[in-house]
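To be precise, the following lines are start.txt, and they hold compact mmCIF, C-alpha atoms.
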```
# COMPACT_ATOMS: atom_id res chain seq x y z
CA MET A 152 -69.92 -51.63 58.57
CA LYS A 153 -68.77 -48.55 60.45
CA LYS A 154 -65.07 -48.35 61.46
CA ASN A 155 -64.14 -47.27 64.95
CA TRP A 156 -61.41 -44.70 64.09
CA PRO A 157 -60.52 -43.64 67.65
CA PHE A 158 -59.89 -47.28 68.58
CA ILE A 159 -57.78 -47.85 65.45
CA ILE A 160 -55.68 -44.70 66.07
CA ILE A 161 -55.09 -45.44 69.78
CA THR A 162 -54.21 -49.06 69.03
CA SER A 163 -51.80 -47.99 66.26
CA PHE A 164 -50.04 -45.58 68.61
CA GLY A 165 -49.81 -48.31 71.27
CA ILE A 166 -48.36 -50.84 68.85
CA GLY A 167 -45.94 -48.26 67.44
CA ALA A 168 -44.76 -47.20 70.91
CA THR A 169 -44.28 -50.83 71.93
CA LEU A 170 -42.20 -51.57 68.83
CA ILE A 171 -40.04 -48.49 69.39
CA PHE A 172 -39.54 -49.41 73.05
CA VAL A 173 -38.60 -53.01 72.19
CA TYR A 174 -36.21 -51.83 69.44
CA ILE A 175 -34.42 -49.42 71.79
CA PHE A 176 -34.20 -52.00 74.58
CA VAL A 177 -32.99 -54.85 72.36
CA TYR A 178 -30.57 -52.60 70.47
CA GLY A 179 -29.05 -51.29 73.72
CA LEU A 180 -28.74 -54.81 75.12
CA ALA A 181 -27.11 -56.08 71.93
CA VAL A 182 -24.62 -53.20 71.78
CA ASN A 183 -23.64 -53.65 75.43
CA THR A 184 -23.22 -57.41 74.97
CA VAL A 185 -20.97 -56.99 71.94
CA LYS A 186 -19.00 -54.19 73.60
CA SER A 187 -18.35 -56.30 76.70
CA ALA A 188 -17.23 -59.22 74.51
CA VAL A 189 -14.88 -57.10 72.40
CA LEU A 190 -13.41 -54.70 74.97
CA LEU A 191 -11.73 -55.38 78.25
CA GLU A 192 -12.49 -52.28 80.33
CA LYS A 193 -11.31 -51.68 83.89
CA ALA A 194 -11.06 -48.69 86.21
CA TYR A 195 -9.13 -48.55 89.48
CA PRO A 196 -9.39 -45.60 91.88
CA HIS A 197 -6.53 -44.01 93.82
CA ILE A 198 -3.67 -45.49 91.82
CA LYS A 199 -1.58 -43.67 89.22
CA PRO A 200 -0.88 -45.24 85.82
CA GLN A 201 2.88 -45.27 86.44
CA GLU A 202 2.46 -47.17 89.71
CA TYR A 203 0.04 -49.57 88.08
CA MET A 204 2.38 -50.15 85.14
CA ASN A 205 5.32 -50.92 87.45
CA LEU A 206 3.24 -53.41 89.45
CA LEU A 207 1.89 -54.94 86.24
CA GLN A 208 5.39 -55.55 84.89
CA LYS A 209 6.45 -57.31 88.09
CA LYS A 210 3.32 -59.44 88.33
CA ALA A 211 3.29 -60.32 84.62
CA GLU A 212 6.89 -61.49 84.81
CA LYS A 213 5.93 -63.88 87.63
CA LYS A 214 3.01 -65.20 85.54
CA ASN A 215 5.24 -65.68 82.45
CA ILE A 216 3.45 -63.02 80.43
CA LYS A 217 5.69 -60.87 78.28
CA ILE A 218 4.96 -57.12 78.17
CA ILE A 219 6.00 -55.12 75.13
CA LYS A 220 5.81 -51.34 75.45
CA ILE A 221 4.61 -49.81 72.21
CA SER A 222 4.27 -46.24 73.42
CA SER A 223 4.62 -44.52 76.74
CA GLU A 224 4.05 -41.00 77.88
CA GLU A 225 3.76 -39.52 81.34
CA ASN A 226 0.35 -40.99 82.21
CA LEU A 227 -0.43 -43.09 79.15
CA PHE A 228 0.95 -46.50 78.23
CA LEU A 229 0.18 -48.57 75.16
CA ILE A 230 1.39 -52.12 75.69
CA GLN A 231 1.03 -55.62 74.35
CA MET A 232 0.80 -58.59 76.66
CA VAL A 233 1.82 -61.92 75.18
CA ASP A 234 1.34 -65.28 76.86
CA GLU A 235 4.17 -67.16 75.16
CA LYS A 236 3.19 -70.59 76.48
CA GLN A 237 -0.33 -70.16 75.16
CA LEU A 238 1.06 -68.79 71.88
CA GLU A 239 2.99 -72.04 71.37
CA ASP A 240 -0.14 -74.09 72.10
CA ILE A 241 -2.22 -72.00 69.71
CA LEU A 242 0.36 -72.15 66.93
CA SER A 243 0.31 -75.95 67.14
CA LEU A 244 -3.51 -75.97 67.15
CA ALA A 245 -4.34 -73.36 64.50
CA PRO A 246 -1.86 -70.66 63.40
CA GLN A 247 -4.60 -68.37 62.08
CA ILE A 248 -5.86 -67.70 65.63
CA SER A 249 -2.46 -66.79 67.09
CA PRO A 250 -3.66 -63.23 67.90
CA LEU A 251 -5.68 -64.89 70.68
CA SER A 252 -2.56 -64.92 72.87
CA ILE A 253 -1.80 -61.23 72.27
CA VAL A 254 -3.68 -58.49 74.09
CA ASN A 255 -3.28 -54.77 73.41
CA LEU A 256 -3.88 -52.56 76.45
CA VAL A 257 -4.01 -48.83 77.02
CA ILE A 258 -3.34 -47.74 80.59
CA TYR A 259 -4.30 -44.11 81.15
CA ASP A 260 -4.97 -41.54 83.85
CA LEU A 261 -8.55 -40.97 85.00
CA GLY A 262 -7.66 -38.08 87.29
CA ASP A 263 -8.10 -39.93 90.57
CA GLY A 264 -7.32 -43.37 89.28
CA THR A 265 -6.28 -45.50 86.36
CA GLY A 266 -8.30 -46.75 83.43
CA ILE A 267 -7.50 -49.74 81.27
CA VAL A 268 -8.98 -50.57 77.88
CA GLY A 269 -7.89 -53.45 75.70
CA ASN A 270 -9.04 -56.08 73.30
CA ASN A 271 -10.64 -59.01 75.06
CA PRO A 272 -9.18 -62.38 74.05
CA TYR A 273 -12.61 -63.89 74.67
CA LEU A 274 -13.60 -62.34 71.32
CA TRP A 275 -12.00 -65.37 69.66
CA ASP A 276 -14.62 -67.54 71.34
CA ILE A 277 -17.18 -65.75 69.16
CA VAL A 278 -15.09 -65.66 65.97
CA VAL A 279 -13.92 -69.29 65.84
CA ASP A 280 -16.32 -72.16 66.44
CA ASN A 281 -14.02 -74.68 68.09
CA PRO A 282 -14.43 -75.98 71.67
CA LYS A 283 -10.65 -76.03 72.29
CA VAL A 284 -10.32 -72.41 71.12
CA ASP A 285 -13.35 -71.47 73.23
CA GLU A 286 -11.73 -72.94 76.31
CA MET A 287 -8.36 -71.30 75.63
CA ALA A 288 -9.95 -67.90 74.95
CA GLU A 289 -12.09 -68.02 78.06
CA ASN A 290 -9.20 -69.16 80.26
CA PHE A 291 -6.85 -66.46 78.96
CA SER A 292 -9.52 -63.78 79.32
CA ASP A 293 -10.22 -64.85 82.91
CA ARG A 294 -6.52 -65.06 83.80
CA LEU A 295 -5.88 -61.63 82.33
CA SER A 296 -8.85 -60.10 84.15
CA ASP A 297 -7.73 -61.72 87.41
CA LEU A 298 -4.18 -60.46 86.88
CA LEU A 299 -5.35 -56.88 86.29
CA ASP A 300 -7.69 -56.96 89.30
CA SER A 301 -5.14 -58.61 91.61
CA ILE A 302 -2.65 -55.82 90.98
CA TYR A 303 -5.10 -53.25 92.28
CA TRP A 304 -6.13 -55.34 95.29
CA ASP A 305 -2.50 -56.06 96.21
CA TYR A 306 -1.73 -52.35 95.90
CA LYS A 307 -4.72 -51.45 98.10
CA LYS A 308 -3.75 -54.09 100.65
CA GLY A 309 -0.17 -52.76 100.72
CA LYS A 310 -1.42 -49.21 101.29
CA GLU A 311 -3.61 -50.35 104.20
CA THR A 312 -0.68 -52.25 105.69
CA LEU A 313 1.45 -49.09 105.55
CA LYS A 314 -1.20 -47.11 107.43
```

Kindly transcribe the structure held in the file into structure tokens.
Amino acid sequence: MKKNWPFIIITSFGIGATLIFVYIFVYGLAVNTVKSAVLLEKAYPHIKPQEYMNLLQKKAEKKNIKIIKISSEENLFLIQMVDEKQLEDILSLAPQISPLSIVNLVIYDLGDGTGIVGNNPYLWDIVVDNPKVDEMAENFSDRLSDLLDSIYWDYKKGKETLK
């Protein structure tokens, strides 16, 4: 029986290209999914880090979230945000997951805006398989994201009001 070499070669290249394409696509999707679960990344235009930090301190105090400054420079702040009420609840539930109520954030200058990067508390939803922990992690992650976004929108609204 005679083998059809051109067909075999073209088919091999097609299968190889498809596997490479699928690997790159799936790998990129997996990396982006994990990155979004681990990191809390935000960017806000037209606001300086110092202004954002001042507004964050005021708003966090109203929401009963304690801010601990670890390091601060002119346009760079490294802080910890601790939800003390949630910390008490977590300590009574499972002390080993107490870092869930602590979020480390870096607030830095982007030139024409402010960038924020921090650990996402929703990561604990992935690490610990417990429905109560899942709910607490998701709620804290959502509240933190809403808090960070609301600061910018309140600032923008205040600027428009002044105009």

Subject >> Residues within 7 Å of segment 219-228 of chain A, all atoms listed in the file, excluding chain neighbours under 2 positions, as a VMD selection string >> reply: chain A and resid 200 to 201 217 230 to 232 257 to 260

Could you write out the selected residues, including C-alpha atoms, as a PDB file, keeping the file's coordinate frame?
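This went into again.pdb:
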```pdb
ATOM      1  CA  PRO A 200      -0.880 -45.240  85.820  1.00  0.00           C
ATOM      2  CA  GLN A 201       2.880 -45.270  86.440  1.00  0.00           C
ATOM      3  CA  LYS A 217       5.690 -60.870  78.280  1.00  0.00           C
ATOM      4  CA  ILE A 230       1.390 -52.120  75.690  1.00  0.00           C
ATOM      5  CA  GLN A 231       1.030 -55.620  74.350  1.00  0.00           C
ATOM      6  CA  MET A 232       0.800 -58.590  76.660  1.00  0.00           C
ATOM      7  CA  VAL A 257      -4.010 -48.830  77.020  1.00  0.00           C
ATOM      8  CA  ILE A 258      -3.340 -47.740  80.590  1.00  0.00           C
ATOM      9  CA  TYR A 259      -4.300 -44.110  81.150  1.00  0.00           C
ATOM     10  CA  ASP A 260      -4.970 -41.540  83.850  1.00  0.00           C
TER      11      ASP A 260
END
```

Subject >> Separation of atom CA of Trp275 of chain A from atom CA of Ser249 of chain A, in Å and rounded to one decimal >> reply: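 Separating atom CA of Trp275 of chain A from atom CA of Ser249 of chain A is a distance of 10.0 Å.
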
Original post:
Skipping near chain neighbours, those fewer than 6 positions away, what residues fall within 12 Å of Leu242 of chain A using only C-alpha atoms, listed as a PyMOL selection string?
Top reply: chain A and resi 235-236+248-252+284

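The space separating atom CA of Asn290 of chain A from atom CA of Lys213 of chain A comes to 17.6 Å.
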
**OP:** For segment 190-194 of chain A, list every protein, DNA or RNA residue within 9 Å, evaluated using only C-alpha atoms, and leave out those in the same chain fewer than 2 positions away; present the list as a list in words.
**Re:** Val185, Lys186, Ser187, Ala188, Pro196, Leu256, Leu261, Gly264, Thr265, Gly266, Ile267, Val268, Gly269, Asn270, Asn271, Pro272, Leu274, Ser292, Ser296, Leu299 and Asp300 of chain A

Size and centre in Å, one decimal, axis-aligned box, all listed segment 174-192 of chain A atoms plus 4 Å per side, as AutoDock Vina command-line options:
```
--center_x -24.0 --center_y -54.3 --center_z 74.9 --size_x 32.5 --size_y 17.8 --size_z 18.9
```

**OP:** Please write as a ChimeraX atom specification the list of polymer residues whose atoms come within 12 Å of (-1.0, -49.6, 97.4), counting all atoms listed in the file and keeping to the coordinates of the file.
**Re:** /A:195-199,202-203,205-206,301-314

I need the residues from that last selection saved to file as a short mmCIF file (atom, residue, chain, number, x, y, z; two decimals), in the frame of the given file (with C-alpha atoms), if you can.
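Done, and the output landed in result33.cif:
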```
data_model
loop_
_atom_site.label_atom_id
_atom_site.label_comp_id
_atom_site.auth_asym_id
_atom_site.auth_seq_id
_atom_site.Cartn_x
_atom_site.Cartn_y
_atom_site.Cartn_z
CA TYR A 195 -9.13 -48.55 89.48
CA PRO A 196 -9.39 -45.60 91.88
CA HIS A 197 -6.53 -44.01 93.82
CA ILE A 198 -3.67 -45.49 91.82
CA LYS A 199 -1.58 -43.67 89.22
CA GLU A 202 2.46 -47.17 89.71
CA TYR A 203 0.04 -49.57 88.08
CA ASN A 205 5.32 -50.92 87.45
CA LEU A 206 3.24 -53.41 89.45
CA SER A 301 -5.14 -58.61 91.61
CA ILE A 302 -2.65 -55.82 90.98
CA TYR A 303 -5.10 -53.25 92.28
CA TRP A 304 -6.13 -55.34 95.29
CA ASP A 305 -2.50 -56.06 96.21
CA TYR A 306 -1.73 -52.35 95.90
CA LYS A 307 -4.72 -51.45 98.10
CA LYS A 308 -3.75 -54.09 100.65
CA GLY A 309 -0.17 -52.76 100.72
CA LYS A 310 -1.42 -49.21 101.29
CA GLU A 311 -3.61 -50.35 104.20
CA THR A 312 -0.68 -52.25 105.69
CA LEU A 313 1.45 -49.09 105.55
CA LYS A 314 -1.20 -47.11 107.43
#
```

Original post:
In Å, with one decimal, what is the gap from atom CA of Lys283 of chain A to atom CA of Ala211 of chain A?
Top reply: 24.4 Å

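Comparing the minimum interatomic distances between Val278 of chain A and each of A:Val189, A:Leu238, A:Ile218, A:Met204, counting only C-alpha atoms, we find that A:Val189 sits nearest.
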